[in-house]
Amino acid sequence: MSLTAESAAPTLVVNGTRIDMIERGSGRPLLFLHAENGIEPALAAIDELAKSARVIAPTHPGYGGSELPKGMRSVDDLSYFYLDLLDQLDLRDLTVVGVSLGAWIAAEIAVKSSARFARLVMANAVGIKVGDRETRDVADIFALTEKEFIDIAYCDPARGTRDYKALPDAEVLAAARAREATARFAWNPFFHNPRLKSRLHRIRIPTLFLWGTHDRVLSEAYGRAYCGLISGARFELIDRAGHFPDHEQPKAFAERVLGFAKAG
Amino acid sequence: MSMKVYQFTEQPYYPTWNDHSGSLRVNLLNRKCDPHVAADLFHRYYDEWQLSDELGLDIMLNEHHQTATCMSSTVVVGLSVLARITKNARLLVLGYPIGHRPDPLRVAEELSTIDVISRGRLDMGFIKGVPYEFPASNQNPVGVMDRFWEALDFIIKAMTTHDEIFNWEGEYFNYRQVNVWPRVWQEPHPPIWTTTGSTTQARILGERGYVMATLGSGYNTRPLYDAYRRGYVAKRGKAPGPDRFAYLGLVGVAKDKAEARRRGDLIAGYLRSSSIVHVPFRNPPGFLSVEDNARLLRGQTPPRSYTKDGRTIDMRSASVEELIDAGILFCGTPDEVYDQIVDFCDYCGGMGNLLMMGHAGFLTHEQTADNLSLFAREVYPRLKAWKQPDAEEMAAQAVVAAQKAPPNPAASARAGDLVDAAIGGR
């Protein structure tokens with residue numbers, strides 16, 4: 001799978017794999033890991049974050065214009081890719097911010113090594129199994145129409161609705177790639193790694209969970225349980241936001257993140 | 001023999017076809033299935049296949065999951081029954097969805113056993129599976145073709161290795177002591193079939209020499225066959241015979257033209273019911289290419305079927321006459337049906353395996369038995385006697401055609417996966 005959307009974004013080559021990567025703003029470094037809906041919906045939040053930080057926002061392999069290395073099929077694989085990226089850019093004292101799938105990636109990186117991390121922000125995070133074997137933690141989004149998905153993922157569904165006929169080709173292709181890449185990484189086990197929960201104790205850096213109150217893809221109880229597995233982690237709500245608080249409330253999202261990043 | 005005919009039914013649980021909430025597959029609750037009715041239907045379908053065997057027809061079975069369109073959820077059961085109760089018919093499974101199977105060793109064991117019990121009558125059709133199988137198997141649709149090819153390579157290796165115990169540590173499957181008992185009856189292994197709707201894939205199948213089946217391709221079949229011919233010639237330096245090609249056609253035949261049309265209409269219920277699926281299950285991520293999905297997001301509809309004179313039809317809603325014109329349904333008196341089939345085969349440049357859907361949906365047992373008997377008596381002998389177009393000449397034409405107008409890979413990828421899902425309806 002070598003196909004990539006045409007993109008004017010700056011790129012970075014890590015281990016022979018070319019990915020899109022936005023770098024914006026100055027100050028302390030902040031790594032932003034986007035959700036399963038791709039980088040586009042996060043751009044406004046990235047701009048807000050860049051007002052007070054040096055934001056590094058890669059597009060995950062398989063998404064947008066980023067290549068997918070052969071054989072990469074799990075979030076575990078992605079986490080090693082990002083460990084290489086961190087080494088290559090020699091990033092230190094990083095605030096890492098992940099939304100949903102991006103938060104899962106952040107956690108998978110952090111349990112392996114958080115040596116380069118100062119702080120971790122997990123927004124509407126997926127990645128672990130909380131309920132019993134017959135309780136679905138994550139809505140089966142692949143059994144929903146796009147409209148049904150938007151209705152449960154957004155506080156204001158209009159925010160998530162896209163007119164594909166009006167969008168540029170690259171964005172439509174990116175939407176199609178995002179859906180495929182997400183299935184590649186999260187189809188089975190569904191949006192979690194059964195091994196991750198027992199490793200979360202290894203995260204010993206200040207951690208903030210942000211939670212869009214209108215998320216019905218995940219429940220708040222799921223978020224609180226996840227938060228409870230990371231020592232000292234705080235849990236805060238973001239009003240009028242659903243599963244993608246960065247997309248729906250970019251200002252409020254950035255304020256919380258930057259406030260936390262400055263705190264210590 | 002110029003042509004072989006395989007009788008096929010999906011073994012439908014048709015009593016629910018008019019009693020569902022917008023989905024006959026995946027999420028139609030099995031409460032709707034009365035096991036007593038199901039038992040009667042299974043026995044009836046096996047009887048009809050036994051009749052097919054007696055009539056000199058061959059037999060085709062398939063499997064689907066969680067659906068009232070096809071009760072056969074594990075094709076090995078039907079194959080096992082038929083291996084014992086039929087005498088002469090070839091037993092074609094088309095297909096066995098190995099892209100979904102967790103354990104291809106088990107597949108090799110099952111099929112080897114059936115080949116032995118049937119005394120070498122098995123034809124093995126392998127497919128990746130239609131879109132709506134993924135929720136049931138929970139197999140990742142992304143990368144399913146890679147999985148398919150590894151499973152197929154493994155199964156062939158398992159069936160052809162007799163003098164050593166082998167090891168397999170692949171991308172998807174791991175085994176350390178492979179030694180399948182019983183070993184296959186047919187050497188080196190039962191014939192391999194598969195399906196496609198993509199010219200890119202057709203060429204690969206030609207290179208491999210497998211029997212290639214298409215369904216719903218109607219008067220758009222020739223480009224697929226020609227791509228196969230080119231692949232076959234490139235690899236082997238000779239043309240593929242008509243026995244390398246198979247086509248699934250619905251067949252409704254009767255002495256009386258009006259009765260034939262009625263039968264055709266009932267059998268077309270297969271096309272109409274197949275498309276009744278909860279929307280999100282119709283196109284799981286990764287099943288179609290990213291480019292195709294981008295086109296779908298833009299609202300561009302997938303290709304339709306074509307009639308001989310170039311009209312497009314939607315086979316999910318087409319009339320009997322339109323389906324006949326498109327080569328999807330062969331229907332009429334024995335003379336008409338013979339003419340339609342021969343005309344179609346001629347268009348294809350030769351086609352040696354008719355996968356005949358001689359029963360579907362609400363066609364009664366009596367109608368089905370008459371349909372099969374009449375076909376076997378009055379159409380089949382003439383098809384066997386019919387002279388197929390010259391294979392070498394057809395292959396040469398295919399090569400020349402490609403030089404004049406190189407195939408458009410984008411277009412072919414598009415038609416591509418409609419294949420197995422031809423009637424999936426997106």
# chains A, B, ... in the order shown; residues from 1 in each chain; ligands from 1
call {"tool": "residues_around", "arguments": {"residues": "stretch 7-23 of chain A", "least_positions_apart": "4", "cutoff": "12 Å", "atoms": "only C-alpha atoms", "output": "PDB file with N, CA and C atoms, in the first residue's frame"}}
result
ATOM      1  N   SER A   2       1.164   1.769  -1.150  1.00  0.00           N
ATOM      2  CA  SER A   2       2.074   2.898  -1.199  1.00  0.00           C
ATOM      3  C   SER A   2       1.318   4.184  -1.480  1.00  0.00           C
ATOM      4  N   LEU A   3       0.033   4.043  -1.719  1.00  0.00           N
ATOM      5  CA  LEU A   3      -0.723   5.215  -2.141  1.00  0.00           C
ATOM      6  C   LEU A   3      -0.810   6.275  -1.057  1.00  0.00           C
ATOM      7  N   GLY A  27       8.383  27.565  21.654  1.00  0.00           N
ATOM      8  CA  GLY A  27       8.277  27.348  23.096  1.00  0.00           C
ATOM      9  C   GLY A  27       8.556  25.894  23.421  1.00  0.00           C
ATOM     10  N   PRO A  29       8.169  21.967  23.632  1.00  0.00           N
ATOM     11  CA  PRO A  29       7.635  21.096  22.579  1.00  0.00           C
ATOM     12  C   PRO A  29       6.388  20.333  23.033  1.00  0.00           C
ATOM     13  N   LEU A  30       5.477  20.193  22.105  1.00  0.00           N
ATOM     14  CA  LEU A  30       4.233  19.484  22.369  1.00  0.00           C
ATOM     15  C   LEU A  30       3.956  18.568  21.182  1.00  0.00           C
ATOM     16  N   LEU A  31       3.868  17.294  21.454  1.00  0.00           N
ATOM     17  CA  LEU A  31       3.580  16.322  20.388  1.00  0.00           C
ATOM     18  C   LEU A  31       2.084  16.071  20.366  1.00  0.00           C
ATOM     19  N   PHE A  32       1.467  16.341  19.239  1.00  0.00           N
ATOM     20  CA  PHE A  32       0.020  16.125  19.118  1.00  0.00           C
ATOM     21  C   PHE A  32      -0.241  14.893  18.261  1.00  0.00           C
ATOM     22  N   LEU A  33      -0.953  13.930  18.829  1.00  0.00           N
ATOM     23  CA  LEU A  33      -1.276  12.692  18.108  1.00  0.00           C
ATOM     24  C   LEU A  33      -2.775  12.679  17.809  1.00  0.00           C
ATOM     25  N   HIS A  34      -3.089  12.761  16.538  1.00  0.00           N
ATOM     26  CA  HIS A  34      -4.485  12.955  16.130  1.00  0.00           C
ATOM     27  C   HIS A  34      -5.322  11.687  16.315  1.00  0.00           C
ATOM     28  N   GLY A  38      -8.297  11.546  11.501  1.00  0.00           N
ATOM     29  CA  GLY A  38      -7.246  12.186  10.711  1.00  0.00           C
ATOM     30  C   GLY A  38      -6.831  13.531  11.267  1.00  0.00           C
ATOM     31  N   ILE A  39      -5.908  14.179  10.563  1.00  0.00           N
ATOM     32  CA  ILE A  39      -5.325  15.429  11.066  1.00  0.00           C
ATOM     33  C   ILE A  39      -6.216  16.629  10.778  1.00  0.00           C
ATOM     34  N   GLU A  40      -6.962  16.577   9.671  1.00  0.00           N
ATOM     35  CA  GLU A  40      -7.745  17.754   9.247  1.00  0.00           C
ATOM     36  C   GLU A  40      -8.634  18.315  10.361  1.00  0.00           C
ATOM     37  N   ALA A  42      -8.298  18.323  13.361  1.00  0.00           N
ATOM     38  CA  ALA A  42      -7.538  18.812  14.521  1.00  0.00           C
ATOM     39  C   ALA A  42      -6.827  20.126  14.248  1.00  0.00           C
ATOM     40  N   LEU A  43      -6.903  20.621  13.014  1.00  0.00           N
ATOM     41  CA  LEU A  43      -6.062  21.765  12.642  1.00  0.00           C
ATOM     42  C   LEU A  43      -6.333  23.011  13.484  1.00  0.00           C
ATOM     43  N   ILE A  46      -4.689  22.610  16.751  1.00  0.00           N
ATOM     44  CA  ILE A  46      -3.235  22.720  16.599  1.00  0.00           C
ATOM     45  C   ILE A  46      -2.831  24.193  16.554  1.00  0.00           C
ATOM     46  N   ASP A  47      -3.598  24.999  15.820  1.00  0.00           N
ATOM     47  CA  ASP A  47      -3.318  26.445  15.768  1.00  0.00           C
ATOM     48  C   ASP A  47      -3.413  27.078  17.151  1.00  0.00           C
ATOM     49  N   LEU A  49      -3.013  25.587  20.048  1.00  0.00           N
ATOM     50  CA  LEU A  49      -1.892  25.098  20.860  1.00  0.00           C
ATOM     51  C   LEU A  49      -0.596  25.813  20.479  1.00  0.00           C
ATOM     52  N   ALA A  50      -0.466  26.123  19.195  1.00  0.00           N
ATOM     53  CA  ALA A  50       0.779  26.725  18.697  1.00  0.00           C
ATOM     54  C   ALA A  50       0.959  28.160  19.179  1.00  0.00           C
ATOM     55  N   ALA A  53       3.106  27.027  22.351  1.00  0.00           N
ATOM     56  CA  ALA A  53       3.993  25.862  22.382  1.00  0.00           C
ATOM     57  C   ALA A  53       4.521  25.590  20.977  1.00  0.00           C
ATOM     58  N   ARG A  54       5.589  24.833  20.938  1.00  0.00           N
ATOM     59  CA  ARG A  54       6.089  24.360  19.641  1.00  0.00           C
ATOM     60  C   ARG A  54       5.376  23.034  19.366  1.00  0.00           C
ATOM     61  N   VAL A  55       4.381  23.089  18.484  1.00  0.00           N
ATOM     62  CA  VAL A  55       3.548  21.908  18.252  1.00  0.00           C
ATOM     63  C   VAL A  55       4.129  21.066  17.124  1.00  0.00           C
ATOM     64  N   ILE A  56       4.297  19.813  17.412  1.00  0.00           N
ATOM     65  CA  ILE A  56       4.737  18.854  16.396  1.00  0.00           C
ATOM     66  C   ILE A  56       3.575  17.890  16.203  1.00  0.00           C
ATOM     67  N   ALA A  57       2.995  17.922  15.006  1.00  0.00           N
ATOM     68  CA  ALA A  57       1.781  17.136  14.767  1.00  0.00           C
ATOM     69  C   ALA A  57       1.949  16.257  13.539  1.00  0.00           C
ATOM     70  N   PRO A  58       2.429  15.043  13.736  1.00  0.00           N
ATOM     71  CA  PRO A  58       2.580  14.127  12.606  1.00  0.00           C
ATOM     72  C   PRO A  58       1.223  13.547  12.190  1.00  0.00           C
ATOM     73  N   THR A  59       1.119  13.195  10.935  1.00  0.00           N
ATOM     74  CA  THR A  59      -0.029  12.407  10.473  1.00  0.00           C
ATOM     75  C   THR A  59       0.390  10.940  10.551  1.00  0.00           C
ATOM     76  N   HIS A  60      -0.382  10.137  11.259  1.00  0.00           N
ATOM     77  CA  HIS A  60       0.023   8.745  11.484  1.00  0.00           C
ATOM     78  C   HIS A  60       0.223   8.004  10.164  1.00  0.00           C
ATOM     79  N   PRO A  61       1.141   7.057  10.155  1.00  0.00           N
ATOM     80  CA  PRO A  61       1.281   6.206   8.975  1.00  0.00           C
ATOM     81  C   PRO A  61      -0.080   5.619   8.571  1.00  0.00           C
ATOM     82  N   GLY A  62      -0.357   5.684   7.264  1.00  0.00           N
ATOM     83  CA  GLY A  62      -1.625   5.145   6.763  1.00  0.00           C
ATOM     84  C   GLY A  62      -2.730   6.180   6.681  1.00  0.00           C
ATOM     85  N   TYR A  63      -2.515   7.325   7.310  1.00  0.00           N
ATOM     86  CA  TYR A  63      -3.523   8.395   7.291  1.00  0.00           C
ATOM     87  C   TYR A  63      -3.052   9.526   6.373  1.00  0.00           C
ATOM     88  N   GLY A  64      -4.002  10.330   5.906  1.00  0.00           N
ATOM     89  CA  GLY A  64      -3.690  11.524   5.125  1.00  0.00           C
ATOM     90  C   GLY A  64      -2.706  11.225   4.011  1.00  0.00           C
ATOM     91  N   GLY A  65      -1.598  11.960   3.994  1.00  0.00           N
ATOM     92  CA  GLY A  65      -0.597  11.736   2.968  1.00  0.00           C
ATOM     93  C   GLY A  65       0.557  10.868   3.443  1.00  0.00           C
ATOM     94  N   SER A  66       0.447  10.307   4.634  1.00  0.00           N
ATOM     95  CA  SER A  66       1.561   9.534   5.188  1.00  0.00           C
ATOM     96  C   SER A  66       1.591   8.106   4.657  1.00  0.00           C
ATOM     97  N   GLU A  67       2.792   7.669   4.340  1.00  0.00           N
ATOM     98  CA  GLU A  67       2.945   6.287   3.876  1.00  0.00           C
ATOM     99  C   GLU A  67       2.671   5.313   5.015  1.00  0.00           C
ATOM    100  N   LEU A  68       2.444   4.076   4.613  1.00  0.00           N
ATOM    101  CA  LEU A  68       2.254   3.009   5.598  1.00  0.00           C
ATOM    102  C   LEU A  68       3.372   1.993   5.400  1.00  0.00           C
ATOM    103  N   PRO A  69       4.235   1.803   6.392  1.00  0.00           N
ATOM    104  CA  PRO A  69       5.305   0.813   6.210  1.00  0.00           C
ATOM    105  C   PRO A  69       4.712  -0.581   6.051  1.00  0.00           C
ATOM    106  N   LYS A  70       5.346  -1.371   5.218  1.00  0.00           N
ATOM    107  CA  LYS A  70       4.864  -2.730   5.004  1.00  0.00           C
ATOM    108  C   LYS A  70       4.856  -3.496   6.326  1.00  0.00           C
ATOM    109  N   MET A  72       3.035  -2.999   8.908  1.00  0.00           N
ATOM    110  CA  MET A  72       2.537  -2.293  10.090  1.00  0.00           C
ATOM    111  C   MET A  72       1.043  -2.539  10.234  1.00  0.00           C
ATOM    112  N   LEU A  78       2.732   1.179  15.697  1.00  0.00           N
ATOM    113  CA  LEU A  78       2.759   2.645  15.612  1.00  0.00           C
ATOM    114  C   LEU A  78       3.592   3.236  16.749  1.00  0.00           C
ATOM    115  N   TYR A  80       6.158   2.004  18.244  1.00  0.00           N
ATOM    116  CA  TYR A  80       7.597   1.895  17.958  1.00  0.00           C
ATOM    117  C   TYR A  80       8.022   2.886  16.882  1.00  0.00           C
ATOM    118  N   PHE A  81       7.138   3.101  15.932  1.00  0.00           N
ATOM    119  CA  PHE A  81       7.425   4.115  14.911  1.00  0.00           C
ATOM    120  C   PHE A  81       7.654   5.465  15.576  1.00  0.00           C
ATOM    121  N   TYR A  82       6.778   5.792  16.532  1.00  0.00           N
ATOM    122  CA  TYR A  82       6.913   7.101  17.183  1.00  0.00           C
ATOM    123  C   TYR A  82       8.102   7.154  18.146  1.00  0.00           C
ATOM    124  N   LEU A  83       8.464   6.045  18.732  1.00  0.00           N
ATOM    125  CA  LEU A  83       9.693   6.046  19.547  1.00  0.00           C
ATOM    126  C   LEU A  83      10.890   6.392  18.658  1.00  0.00           C
ATOM    127  N   ASP A  84      10.892   5.849  17.433  1.00  0.00           N
ATOM    128  CA  ASP A  84      11.960   6.198  16.487  1.00  0.00           C
ATOM    129  C   ASP A  84      11.910   7.677  16.131  1.00  0.00           C
ATOM    130  N   LEU A  85      10.704   8.169  15.913  1.00  0.00           N
ATOM    131  CA  LEU A  85      10.554   9.590  15.557  1.00  0.00           C
ATOM    132  C   LEU A  85      11.081  10.486  16.679  1.00  0.00           C
ATOM    133  N   LEU A  86      10.756  10.131  17.917  1.00  0.00           N
ATOM    134  CA  LEU A  86      11.214  10.935  19.061  1.00  0.00           C
ATOM    135  C   LEU A  86      12.734  10.946  19.132  1.00  0.00           C
ATOM    136  N   ASP A  87      13.325   9.776  18.874  1.00  0.00           N
ATOM    137  CA  ASP A  87      14.793   9.706  18.880  1.00  0.00           C
ATOM    138  C   ASP A  87      15.376  10.554  17.761  1.00  0.00           C
ATOM    139  N   GLN A  88      14.777  10.409  16.589  1.00  0.00           N
ATOM    140  CA  GLN A  88      15.304  11.109  15.418  1.00  0.00           C
ATOM    141  C   GLN A  88      15.274  12.622  15.620  1.00  0.00           C
ATOM    142  N   LEU A  89      14.176  13.115  16.167  1.00  0.00           N
ATOM    143  CA  LEU A  89      14.068  14.570  16.378  1.00  0.00           C
ATOM    144  C   LEU A  89      14.680  14.995  17.707  1.00  0.00           C
ATOM    145  N   PRO A 168     -12.033  19.040  -1.334  1.00  0.00           N
ATOM    146  CA  PRO A 168     -10.965  18.746  -2.307  1.00  0.00           C
ATOM    147  C   PRO A 168     -10.668  17.238  -2.339  1.00  0.00           C
ATOM    148  N   ASP A 169     -10.171  16.786  -3.482  1.00  0.00           N
ATOM    149  CA  ASP A 169      -9.862  15.358  -3.657  1.00  0.00           C
ATOM    150  C   ASP A 169      -9.014  14.797  -2.517  1.00  0.00           C
ATOM    151  N   ALA A 170      -7.980  15.559  -2.134  1.00  0.00           N
ATOM    152  CA  ALA A 170      -7.052  15.039  -1.126  1.00  0.00           C
ATOM    153  C   ALA A 170      -7.775  14.758   0.184  1.00  0.00           C
ATOM    154  N   GLU A 171      -8.748  15.588   0.505  1.00  0.00           N
ATOM    155  CA  GLU A 171      -9.463  15.375   1.770  1.00  0.00           C
ATOM    156  C   GLU A 171     -10.405  14.183   1.711  1.00  0.00           C
ATOM    157  N   LEU A 173      -9.925  11.584  -0.226  1.00  0.00           N
ATOM    158  CA  LEU A 173      -9.026  10.430  -0.194  1.00  0.00           C
ATOM    159  C   LEU A 173      -8.530  10.196   1.238  1.00  0.00           C
ATOM    160  N   ALA A 174      -8.241  11.284   1.933  1.00  0.00           N
ATOM    161  CA  ALA A 174      -7.779  11.166   3.322  1.00  0.00           C
ATOM    162  C   ALA A 174      -8.872  10.556   4.203  1.00  0.00           C
TER     163      ALA A 174
END
call {"tool": "closest_atom_pairs", "arguments": {"of": "chain B", "to": "chain A", "cutoff": "10 Å", "atoms": "only C-alpha atoms", "output": "tab-separated table"}}
result
residue	atom	partner	partner_atom	distance
B:Pro135	CA	A:Ala143	CA	8.1
B:Asn138	CA	A:Asn188	CA	7.0
B:Gln139	CA	A:Asn188	CA	7.4
B:Asn140	CA	A:Trp187	CA	5.9
B:Pro141	CA	A:Ala183	CA	7.8
B:Val142	CA	A:Arg184	CA	5.6
B:Gly143	CA	A:Arg184	CA	7.9
B:Glu171	CA	A:Gly71	CA	8.6
B:His278	CA	A:Ala143	CA	8.5
B:Val279	CA	A:Thr145	CA	6.8
B:Pro280	CA	A:Ala143	CA	5.3
B:Phe281	CA	A:Ala143	CA	6.4
B:Arg282	CA	A:Ala143	CA	9.8
B:Asn283	CA	A:Phe142	CA	9.4
B:Pro284	CA	A:Phe142	CA	7.1
B:Pro285	CA	A:Glu180	CA	4.9
B:Gly286	CA	A:Glu180	CA	5.2
B:Phe287	CA	A:Glu180	CA	8.8
B:Leu288	CA	A:Glu180	CA	9.4
B:Ser289	CA	A:Ala176	CA	8.8
B:Val290	CA	A:Ala176	CA	5.6
B:Glu291	CA	A:Leu173	CA	6.8
B:Asp292	CA	A:Ala176	CA	8.8
B:Asn293	CA	A:Ala176	CA	5.8
B:Ala294	CA	A:Leu173	CA	5.3
B:Arg295	CA	A:Val172	CA	8.4
B:Leu296	CA	A:Ala176	CA	9.4
B:Leu297	CA	A:Tyr164	CA	6.0
B:Arg298	CA	A:Lys165	CA	5.0
B:Gly299	CA	A:Lys165	CA	7.3
B:Gln300	CA	A:Lys165	CA	9.7
call {"tool": "write_last_selection", "arguments": {"atoms": "N, CA and C atoms", "output": "CSV table (one decimal), in the first residue's frame"}}
result
chain,number,residue,atom,x,y,z
B,135,PRO,N,-18.4,-8.8,9.7
B,135,PRO,CA,-18.9,-8.7,11.0
B,135,PRO,C,-19.1,-10.0,11.7
B,138,ASN,N,-15.5,-11.5,12.2
B,138,ASN,CA,-14.6,-10.5,12.9
B,138,ASN,C,-13.2,-10.5,12.3
B,139,GLN,N,-13.0,-11.1,11.2
B,139,GLN,CA,-11.7,-11.0,10.5
B,139,GLN,C,-11.5,-9.5,10.0
B,140,ASN,N,-10.3,-9.1,10.1
B,140,ASN,CA,-10.1,-7.7,9.6
B,140,ASN,C,-10.2,-7.6,8.1
B,141,PRO,N,-11.1,-6.8,7.6
B,141,PRO,CA,-11.2,-6.7,6.1
B,141,PRO,C,-10.0,-6.1,5.5
B,142,VAL,N,-9.2,-5.3,6.2
B,142,VAL,CA,-8.0,-4.7,5.7
B,142,VAL,C,-7.0,-5.8,5.6
B,143,GLY,N,-6.5,-6.0,4.4
B,143,GLY,CA,-5.4,-7.0,4.2
B,143,GLY,C,-5.9,-8.4,4.0
B,171,GLU,N,3.2,-14.9,7.6
B,171,GLU,CA,2.7,-13.6,8.1
B,171,GLU,C,1.5,-13.8,9.0
B,278,HIS,N,-28.3,-4.4,6.0
B,278,HIS,CA,-28.1,-3.2,6.8
B,278,HIS,C,-26.9,-2.4,6.1
B,279,VAL,N,-27.1,-1.1,5.9
B,279,VAL,CA,-26.1,-0.4,5.0
B,279,VAL,C,-24.6,-0.5,5.5
B,280,PRO,N,-24.3,-0.3,6.7
B,280,PRO,CA,-22.9,-0.2,7.1
B,280,PRO,C,-22.2,-1.6,6.8
B,281,PHE,N,-22.9,-2.7,6.7
B,281,PHE,CA,-22.3,-4.0,6.5
B,281,PHE,C,-21.9,-4.2,5.0
B,282,ARG,N,-22.4,-3.3,4.2
B,282,ARG,CA,-22.2,-3.5,2.7
B,282,ARG,C,-20.8,-3.2,2.3
B,283,ASN,N,-20.1,-2.4,3.0
B,283,ASN,CA,-18.8,-1.9,2.5
B,283,ASN,C,-17.8,-1.7,3.7
B,284,PRO,N,-17.4,-2.8,4.3
B,284,PRO,CA,-16.4,-2.6,5.4
B,284,PRO,C,-15.1,-2.0,4.9
B,285,PRO,N,-14.5,-1.3,5.8
B,285,PRO,CA,-13.2,-0.6,5.4
B,285,PRO,C,-12.2,-1.6,4.9
B,286,GLY,N,-11.5,-1.2,3.8
B,286,GLY,CA,-10.5,-2.1,3.3
B,286,GLY,C,-11.0,-3.1,2.3
B,287,PHE,N,-12.3,-3.3,2.2
B,287,PHE,CA,-12.8,-4.3,1.2
B,287,PHE,C,-12.6,-3.7,-0.2
B,288,LEU,N,-13.0,-2.5,-0.4
B,288,LEU,CA,-12.7,-1.8,-1.6
B,288,LEU,C,-11.4,-1.0,-1.5
B,289,SER,N,-10.8,-0.6,-2.6
B,289,SER,CA,-9.6,0.2,-2.5
B,289,SER,C,-9.9,1.6,-2.0
B,290,VAL,N,-8.9,2.3,-1.5
B,290,VAL,CA,-9.1,3.6,-1.0
B,290,VAL,C,-9.7,4.5,-2.1
B,291,GLU,N,-9.2,4.3,-3.3
B,291,GLU,CA,-9.7,5.2,-4.5
B,291,GLU,C,-11.2,4.9,-4.7
B,292,ASP,N,-11.6,3.6,-4.7
B,292,ASP,CA,-13.0,3.3,-4.9
B,292,ASP,C,-13.8,3.9,-3.7
B,293,ASN,N,-13.3,3.8,-2.5
B,293,ASN,CA,-14.1,4.4,-1.4
B,293,ASN,C,-14.2,5.9,-1.5
B,294,ALA,N,-13.2,6.5,-2.0
B,294,ALA,CA,-13.2,8.0,-2.2
B,294,ALA,C,-14.3,8.3,-3.2
B,295,ARG,N,-14.4,7.5,-4.3
B,295,ARG,CA,-15.4,7.7,-5.3
B,295,ARG,C,-16.8,7.5,-4.7
B,296,LEU,N,-16.9,6.5,-3.8
B,296,LEU,CA,-18.2,6.3,-3.2
B,296,LEU,C,-18.6,7.4,-2.3
B,297,LEU,N,-17.6,7.9,-1.6
B,297,LEU,CA,-17.9,9.1,-0.7
B,297,LEU,C,-18.4,10.3,-1.5
B,298,ARG,N,-17.9,10.4,-2.7
B,298,ARG,CA,-18.3,11.5,-3.6
B,298,ARG,C,-19.7,11.2,-4.2
B,299,GLY,N,-20.2,10.0,-3.9
B,299,GLY,CA,-21.6,9.7,-4.4
B,299,GLY,C,-21.6,9.1,-5.8
B,300,GLN,N,-20.4,8.7,-6.2
B,300,GLN,CA,-20.4,8.0,-7.5
B,300,GLN,C,-20.7,6.5,-7.3
call {"tool": "select_by_dssp", "arguments": {"residues": "stretch 37-248 of chain A", "states": "helix (DSSP H, G or I)", "output": "number ranges by chain"}}
result
A: 40-49, 75-89, 101-112, 141-143, 146-153, 157-160, 169-186, 197-202, 220-228, 245-248
call {"tool": "atom_distance", "arguments": {"atom1": "atom CA of A:Gly223", "atom2": "atom CA of A:Leu210"}}
result
8.6 Å
call {"tool": "select_by_dssp", "arguments": {"residues": "stretch 131-287 of chain B", "states": "strand (DSSP E)", "output": "list in words"}}
result
Phe166, Asn167, Trp168, Glu169, Asn174, Tyr175, Arg176, Gln177, Val178, Ile192, Trp193, Thr194, Thr195, Val211, Met212, Ala213, Thr214, Leu215, Phe245, Ala246, Tyr247, Leu248, Gly249, Leu250, Val251, Gly252 and Val253 of chain B
call {"tool": "residues_around", "arguments": {"residues": "B:Gly327", "least_positions_apart": "3", "cutoff": "9 Å", "atoms": "only C-alpha atoms", "output": "number ranges by chain"}}
result
B: 216-219, 249-250, 306-308, 322-324, 330, 340-341, 344
call {"tool": "residues_around", "arguments": {"residues": "stretch 249-262 of chain A", "least_positions_apart": "4", "cutoff": "9 Å", "atoms": "only C-alpha atoms", "output": "list of chain:residue names"}}
result
A:Arg28, A:Leu30, A:Ala42, A:Leu43, A:Ala44, A:Ala45, A:Ile46, A:Asp47, A:Glu48, A:Leu49, A:Ser52, A:Ala53, A:Thr95, A:Val97, A:Ala118, A:Arg119, A:Leu120, A:Val121, A:Thr207, A:Leu208, A:Leu210, A:Gly212, A:Glu236, A:Ile238, A:Asp239, A:Arg240, A:Ala241, A:Phe244, A:Pro245
call {"tool": "atom_distance", "arguments": {"atom1": "atom CA of A:Phe209", "atom2": "atom CA of A:Glu36"}}
result
17.7 Å
call {"tool": "residues_around", "arguments": {"residues": "B:Gly231", "least_positions_apart": "2", "cutoff": "9 Å", "atoms": "only C-alpha atoms", "output": "PyMOL selection string"}}
result
chain B and resi 202-209+226-229+233-236
